[in-house]
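Asks: Before I ask anything, let me first share the structure, which is written out below as structure tokens.
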2 protein chains.
Amino acid sequence: MKKLINSPEDVVREALEGMELAHPNHLRVSYEPFYIVRKDAPVKGKVALVSGGGSGHEPMHGGFVGMGMLSAACPGHVFTSPTPDQMFEAGKVVSGGAGILQIVKNYTGDVMNFELAAEMLKEEGIAVETVMTDDDVAVEDSLYTAGRRGVGLTILMEKILGAAAEKGMPLKDIKALGDKIRKSGRSMGMALTACTVPHAGKPSFELAENEMEVGIGIHGEPGRRRVPMAPADQITEMLMEPVLTDLPFNKGDTIILFVNGMGGTPLIELYIVYRKAAAIAEKHGLKIARCLVGSYITSLEMAGASVTALRVDDQMLQLWDAPVNTPALRWGV
Amino acid sequence: MKKLINSPEDVVREALEGMELAHPNHLRVSYEPFYIVRKDAPVKGKVALVSGGGSGHEPMHGGFVGMGMLSAACPGHVFTSPTPDQMFEAGKVVSGGAGILQIVKNYTGDVMNFELAAEMLKEEGIAVETVMTDDDVAVEDSLYTAGRRGVGLTILMEKILGAAAEKGMPLKDIKALGDKIRKSGRSMGMALTACTVPHAGKPSFELAENEMEVGIGIHGEPGRRRVPMAPADQITEMLMEPVLTDLPFNKGDTIILFVNGMGGTPLIELYIVYRKAAAIAEKHGLKIARCLVGSYITSLEMAGASVTALRVDDQMLQLWDAPVNTPALRWGV
């Protein structure tokens, strides 16, 4: 295992220390339990957005803490759900009196622990709503989920709902908007290589030199099928066609198109994928209003990519364009 | 070779097509010859900044084209210098009457071809100045250079000089500021794995499972030494100590500290490196005024990291903080 780490036990804590040192204007970090909150929390009268999940998917979620996006992120150990006390403690710190919206990717442990945290926060008199993402069309159930996995759509949801909260939208409306986004976005990913969880010390699976895994999850969970390597354009089709036909997206729809790297894939390859993904979207009669290309929801050093398409209306687009000031997404400020 | 590409010959062109589709508000692309210019070029009365180099280092340089940074970027084929006609044609397009500043990393081919382009542009009546970066302390001469290689400092220089040009600073002053930055910054990198140039089809070198290369160049050129794997803190010391003692940086200096990923290293590891790099800088009595953590000057999918420290004064810091609007760096707008 070749990694820039000191020891598997210290990976998350030391990375959080690095984040806190690197982004003192954006965030503060708690180490017992682990959570990251925006520097100016609590923001009075604003709905607080809390997300979280296993570490190893950076910059998600800690890199999205800041003005216009998340109020708090709760990182578990690598590929491990955060515990309820993390969301409970973070929730109390960021609560500004207008309630908390939890954004939860559909993994069984995450869902359960966010539910427990919500109960604990409600007992403190804090209103809590939860929206889920389950946008991965690759498999109906998986190793870690009942139902579909939550993946790339989470980033788009955090940005749009974060802007809504910043503008003062009340909790029940943000919850409704989140549910609408959940129904309007789909994703699928693939891997060229596995990744190695520090504690495990060896790759989570083996792929031959001429093989790839299509429909992979962000923890190296098996996908739809293991197939021979193919040119980027064919790979992009294998991802885009299931994504576009599942919702389905219809001719004339306006979308945000997101091409994501899994952590070990260089940007030059993501642009090659984006080129084809955009062409396929246009062939389907979709209008790409905005896009995002980069490694935002990753699986450690896994090489591979995922695509996410979100059908948007004018409100969502305005919220997408609204100012955001986080370590990983920053514009308008 | 497992890559998200279609064919080695098409990598650069297709990535440029993807960039142009993804960033229509920032840039335009020419395909014969290859160059990227900011959307609103030429900007009248402003010094135009032109940089370039081999592809495979993305987002450098194309990702830094836009308001407040580069006017044009000229990408060669992967790890291959751009040809003089690229800088000549791009220079004519972006020239706004106040001259052109070329930012050139010290590689023999790049230096020669930018020099030829400068001569050709001068014959067209355009004033041209050139600043070089040669910040890599690892080796005095290398496979591709007489003198030290230009690496991470290039990004900081492009940001600061880009802001200076945007504020209307005249060519000779920008050139002088660039020379000052050149003398004030140092870098060093290391690799855990090699990368594979698409045309070659196999890794540029082999590293055993328990080995790393310290002092590596951004094309996989050999570094100072091949040593056994070590914990991240020790690796960070192996990079920071030569960087800090070379200039030397002195107690009380204010710096920008940049921890860069080589393309295949996940962000979680870069934060672990940043944590230690910041501690070492502080132990030396340096004040870290700003930092940058991410994969900005890469070597395809190589796993590894580099550190860059730049001693700054108030002017440089103000220019660093000034608005920038490019695909890869964006703030203040």
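Starting from 1 in every chain, residues are counted up; chains themselves are A, B, ... following the order of the structure tokens, and ligands are numbered from 1 as listed.
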Which of stretch 205-321 of chain B end up as alpha helix (DSSP H) when DSSP is run on this backbone - answer as a ChimeraX atom specification?

Replies: /B:232-246,267-283,314-321

Asks: Would you export the selected residues with N, CA, C and O atoms as a compact mmCIF listing (two decimals), in the first residue's frame, please?

Replies:
# COMPACT_ATOMS: atom_id res chain seq x y z
N ALA B 232 3.98 9.80 5.78
CA ALA B 232 3.76 11.09 5.13
C ALA B 232 4.55 12.21 5.80
O ALA B 232 5.07 13.11 5.11
N ASP B 233 4.66 12.19 7.12
CA ASP B 233 5.37 13.27 7.79
C ASP B 233 6.85 13.29 7.40
O ASP B 233 7.43 14.36 7.18
N GLN B 234 7.45 12.12 7.30
CA GLN B 234 8.85 12.07 6.87
C GLN B 234 9.01 12.50 5.42
O GLN B 234 9.96 13.20 5.06
N ILE B 235 8.07 12.07 4.59
CA ILE B 235 8.13 12.47 3.17
C ILE B 235 8.03 13.99 3.06
O ILE B 235 8.77 14.63 2.31
N THR B 236 7.12 14.56 3.84
CA THR B 236 6.94 16.02 3.79
C THR B 236 8.22 16.73 4.23
O THR B 236 8.61 17.75 3.64
N GLU B 237 8.89 16.18 5.23
CA GLU B 237 10.18 16.76 5.64
C GLU B 237 11.22 16.67 4.53
O GLU B 237 11.99 17.61 4.31
N MET B 238 11.22 15.54 3.83
CA MET B 238 12.19 15.36 2.73
C MET B 238 11.98 16.40 1.63
O MET B 238 12.90 16.70 0.88
N LEU B 239 10.76 16.92 1.50
CA LEU B 239 10.48 17.94 0.50
C LEU B 239 10.68 19.34 1.07
O LEU B 239 11.27 20.22 0.42
N MET B 240 10.17 19.57 2.26
CA MET B 240 10.16 20.93 2.81
C MET B 240 11.56 21.41 3.20
O MET B 240 11.89 22.58 2.98
N GLU B 241 12.36 20.54 3.78
CA GLU B 241 13.67 21.01 4.26
C GLU B 241 14.53 21.52 3.10
O GLU B 241 15.08 22.63 3.19
N PRO B 242 14.67 20.79 1.99
CA PRO B 242 15.45 21.33 0.88
C PRO B 242 14.85 22.62 0.31
O PRO B 242 15.58 23.53 -0.09
N VAL B 243 13.54 22.69 0.28
CA VAL B 243 12.87 23.89 -0.24
C VAL B 243 13.19 25.09 0.63
O VAL B 243 13.56 26.17 0.15
N LEU B 244 13.06 24.91 1.94
CA LEU B 244 13.21 26.06 2.84
C LEU B 244 14.67 26.49 3.00
O LEU B 244 14.95 27.67 3.21
N THR B 245 15.60 25.54 2.92
CA THR B 245 17.00 25.90 3.13
C THR B 245 17.67 26.40 1.85
O THR B 245 18.75 26.98 1.91
N ASP B 246 17.06 26.19 0.71
CA ASP B 246 17.71 26.56 -0.55
C ASP B 246 17.69 28.06 -0.79
O ASP B 246 18.70 28.64 -1.18
N LEU B 267 -7.21 13.93 -2.51
CA LEU B 267 -7.15 15.14 -1.69
C LEU B 267 -6.92 14.82 -0.22
O LEU B 267 -6.24 15.57 0.50
N ILE B 268 -7.49 13.72 0.27
CA ILE B 268 -7.35 13.39 1.69
C ILE B 268 -5.87 13.28 2.05
O ILE B 268 -5.44 13.69 3.13
N GLU B 269 -5.05 12.76 1.13
CA GLU B 269 -3.61 12.64 1.39
C GLU B 269 -2.92 14.00 1.31
O GLU B 269 -1.98 14.28 2.05
N LEU B 270 -3.37 14.84 0.38
CA LEU B 270 -2.74 16.16 0.26
C LEU B 270 -2.94 16.98 1.54
O LEU B 270 -2.06 17.75 1.94
N TYR B 271 -4.10 16.83 2.17
CA TYR B 271 -4.32 17.56 3.42
C TYR B 271 -3.41 17.03 4.53
O TYR B 271 -2.97 17.80 5.40
N ILE B 272 -3.13 15.75 4.52
CA ILE B 272 -2.20 15.19 5.51
C ILE B 272 -0.80 15.78 5.29
O ILE B 272 -0.10 16.16 6.24
N VAL B 273 -0.41 15.91 4.03
CA VAL B 273 0.88 16.53 3.73
C VAL B 273 0.87 18.01 4.11
O VAL B 273 1.84 18.53 4.69
N TYR B 274 -0.23 18.70 3.79
CA TYR B 274 -0.29 20.13 4.11
C TYR B 274 -0.12 20.38 5.60
O TYR B 274 0.56 21.31 6.04
N ARG B 275 -0.79 19.51 6.38
CA ARG B 275 -0.71 19.63 7.85
C ARG B 275 0.74 19.66 8.32
O ARG B 275 1.14 20.51 9.12
N LYS B 276 1.55 18.74 7.80
CA LYS B 276 2.94 18.68 8.23
C LYS B 276 3.76 19.81 7.61
O LYS B 276 4.63 20.40 8.27
N ALA B 277 3.48 20.11 6.34
CA ALA B 277 4.23 21.20 5.68
C ALA B 277 4.03 22.51 6.42
O ALA B 277 4.98 23.29 6.62
N ALA B 278 2.80 22.76 6.86
CA ALA B 278 2.52 23.99 7.60
C ALA B 278 3.26 23.99 8.93
O ALA B 278 3.81 25.02 9.35
N ALA B 279 3.30 22.84 9.59
CA ALA B 279 4.00 22.75 10.88
C ALA B 279 5.49 23.01 10.69
O ALA B 279 6.12 23.71 11.51
N ILE B 280 6.07 22.48 9.63
CA ILE B 280 7.50 22.68 9.37
C ILE B 280 7.77 24.16 9.07
O ILE B 280 8.74 24.74 9.58
N ALA B 281 6.91 24.76 8.26
CA ALA B 281 7.09 26.19 7.95
C ALA B 281 7.06 27.01 9.23
O ALA B 281 7.88 27.92 9.42
N GLU B 282 6.11 26.69 10.09
CA GLU B 282 6.01 27.46 11.33
C GLU B 282 7.21 27.23 12.24
O GLU B 282 7.68 28.15 12.89
N LYS B 283 7.70 26.00 12.26
CA LYS B 283 8.89 25.70 13.06
C LYS B 283 10.08 26.55 12.58
O LYS B 283 10.94 26.93 13.36
N ASP B 314 3.59 42.61 0.54
CA ASP B 314 2.19 43.03 0.52
C ASP B 314 1.63 43.14 -0.90
O ASP B 314 0.48 42.79 -1.15
N GLN B 315 2.48 43.63 -1.82
CA GLN B 315 2.01 43.76 -3.19
C GLN B 315 1.62 42.40 -3.77
O GLN B 315 0.55 42.25 -4.36
N MET B 316 2.50 41.41 -3.58
CA MET B 316 2.20 40.08 -4.12
C MET B 316 0.94 39.49 -3.49
O MET B 316 0.13 38.86 -4.16
N LEU B 317 0.79 39.73 -2.18
CA LEU B 317 -0.40 39.19 -1.50
C LEU B 317 -1.67 39.83 -2.02
O LEU B 317 -2.68 39.15 -2.22
N GLN B 318 -1.62 41.14 -2.23
CA GLN B 318 -2.81 41.81 -2.77
C GLN B 318 -3.14 41.28 -4.16
O GLN B 318 -4.32 41.10 -4.50
N LEU B 319 -2.11 41.02 -4.95
CA LEU B 319 -2.35 40.50 -6.30
C LEU B 319 -2.84 39.04 -6.23
O LEU B 319 -3.67 38.62 -7.04
N TRP B 320 -2.34 38.29 -5.27
CA TRP B 320 -2.84 36.92 -5.07
C TRP B 320 -4.34 36.95 -4.74
O TRP B 320 -5.13 36.13 -5.24
N ASP B 321 -4.73 37.90 -3.90
CA ASP B 321 -6.12 37.97 -3.44
C ASP B 321 -7.06 38.58 -4.50
O ASP B 321 -8.28 38.45 -4.37

Asks: Kindly determine which residues of chain A lie within 7 Å of chain B, considering only C-alpha atoms, and give the answer as an MDAnalysis selection string.

Replies: chainID A and resid 2 4:6 14:15 17:19 21:22 56 58:59 192 231:233 263:269 271:272 274:275 291 300:301 330:333

Asks: In Å, rounded to a single decimal, give me how far atom CA of A:Ala200 is from atom CA of A:Arg224.

Replies: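 About the pair atom CA of A:Arg224 and atom CA of A:Ala200: they are 24.1 Å apart.
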
Asks: If we count only C-alpha atoms, what is near stretch 310-313 of chain B at a cut-off of 6 Å, once residues fewer than 2 positions away on the same chain are taken out, given as a list in words?

Replies: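 Neighbouring residues, sequence-local ones excluded: Ser184, Gly185, Thr254, Ile255, Ile256, Gln315 and Met316 of chain B.
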
Asks: Could you save those same residues with all heavy atoms as a PDB file, in the first residue's frame?

Replies:
ATOM      1  N   SER B 184      12.074  34.218  -5.589  1.00  0.00           N
ATOM      2  CA  SER B 184      11.513  34.134  -4.231  1.00  0.00           C
ATOM      3  C   SER B 184      10.775  32.832  -3.961  1.00  0.00           C
ATOM      4  O   SER B 184      10.189  32.673  -2.884  1.00  0.00           O
ATOM      5  CB  SER B 184      10.536  35.303  -4.011  1.00  0.00           C
ATOM      6  OG  SER B 184      11.158  36.532  -4.292  1.00  0.00           O
ATOM      7  N   GLY B 185      10.779  31.899  -4.928  1.00  0.00           N
ATOM      8  CA  GLY B 185      10.003  30.670  -4.740  1.00  0.00           C
ATOM      9  C   GLY B 185      10.813  29.418  -5.023  1.00  0.00           C
ATOM     10  O   GLY B 185      11.705  29.422  -5.876  1.00  0.00           O
ATOM     11  N   THR B 254       7.109  35.959   5.212  1.00  0.00           N
ATOM     12  CA  THR B 254       5.716  35.618   4.943  1.00  0.00           C
ATOM     13  C   THR B 254       5.677  34.834   3.638  1.00  0.00           C
ATOM     14  O   THR B 254       6.330  35.213   2.665  1.00  0.00           O
ATOM     15  CB  THR B 254       4.872  36.902   4.822  1.00  0.00           C
ATOM     16  OG1 THR B 254       4.921  37.576   6.072  1.00  0.00           O
ATOM     17  CG2 THR B 254       3.423  36.579   4.484  1.00  0.00           C
ATOM     18  N   ILE B 255       4.928  33.736   3.633  1.00  0.00           N
ATOM     19  CA  ILE B 255       4.928  32.892   2.431  1.00  0.00           C
ATOM     20  C   ILE B 255       3.516  32.509   1.990  1.00  0.00           C
ATOM     21  O   ILE B 255       2.562  32.553   2.768  1.00  0.00           O
ATOM     22  CB  ILE B 255       5.724  31.574   2.642  1.00  0.00           C
ATOM     23  CG1 ILE B 255       5.078  30.691   3.727  1.00  0.00           C
ATOM     24  CG2 ILE B 255       7.174  31.871   2.989  1.00  0.00           C
ATOM     25  CD1 ILE B 255       5.626  29.261   3.774  1.00  0.00           C
ATOM     26  N   ILE B 256       3.423  32.123   0.713  1.00  0.00           N
ATOM     27  CA  ILE B 256       2.302  31.325   0.222  1.00  0.00           C
ATOM     28  C   ILE B 256       2.815  29.893   0.157  1.00  0.00           C
ATOM     29  O   ILE B 256       3.882  29.640  -0.410  1.00  0.00           O
ATOM     30  CB  ILE B 256       1.821  31.785  -1.175  1.00  0.00           C
ATOM     31  CG1 ILE B 256       1.283  33.222  -1.107  1.00  0.00           C
ATOM     32  CG2 ILE B 256       0.737  30.843  -1.702  1.00  0.00           C
ATOM     33  CD1 ILE B 256       0.885  33.795  -2.472  1.00  0.00           C
ATOM     34  N   GLN B 315       2.478  43.628  -1.816  1.00  0.00           N
ATOM     35  CA  GLN B 315       2.007  43.763  -3.192  1.00  0.00           C
ATOM     36  C   GLN B 315       1.621  42.404  -3.767  1.00  0.00           C
ATOM     37  O   GLN B 315       0.555  42.249  -4.363  1.00  0.00           O
ATOM     38  CB  GLN B 315       3.109  44.405  -4.055  1.00  0.00           C
ATOM     39  CG  GLN B 315       2.692  44.564  -5.516  1.00  0.00           C
ATOM     40  CD  GLN B 315       3.880  44.862  -6.438  1.00  0.00           C
ATOM     41  OE1 GLN B 315       4.994  44.375  -6.225  1.00  0.00           O
ATOM     42  NE2 GLN B 315       3.638  45.674  -7.454  1.00  0.00           N
ATOM     43  N   MET B 316       2.497  41.411  -3.581  1.00  0.00           N
ATOM     44  CA  MET B 316       2.204  40.076  -4.117  1.00  0.00           C
ATOM     45  C   MET B 316       0.943  39.492  -3.486  1.00  0.00           C
ATOM     46  O   MET B 316       0.132  38.862  -4.163  1.00  0.00           O
ATOM     47  CB  MET B 316       3.379  39.134  -3.867  1.00  0.00           C
ATOM     48  CG  MET B 316       4.603  39.410  -4.728  1.00  0.00           C
ATOM     49  SD  MET B 316       5.819  38.065  -4.467  1.00  0.00           S
ATOM     50  CE  MET B 316       7.344  38.950  -4.558  1.00  0.00           C
TER      51      MET B 316
END
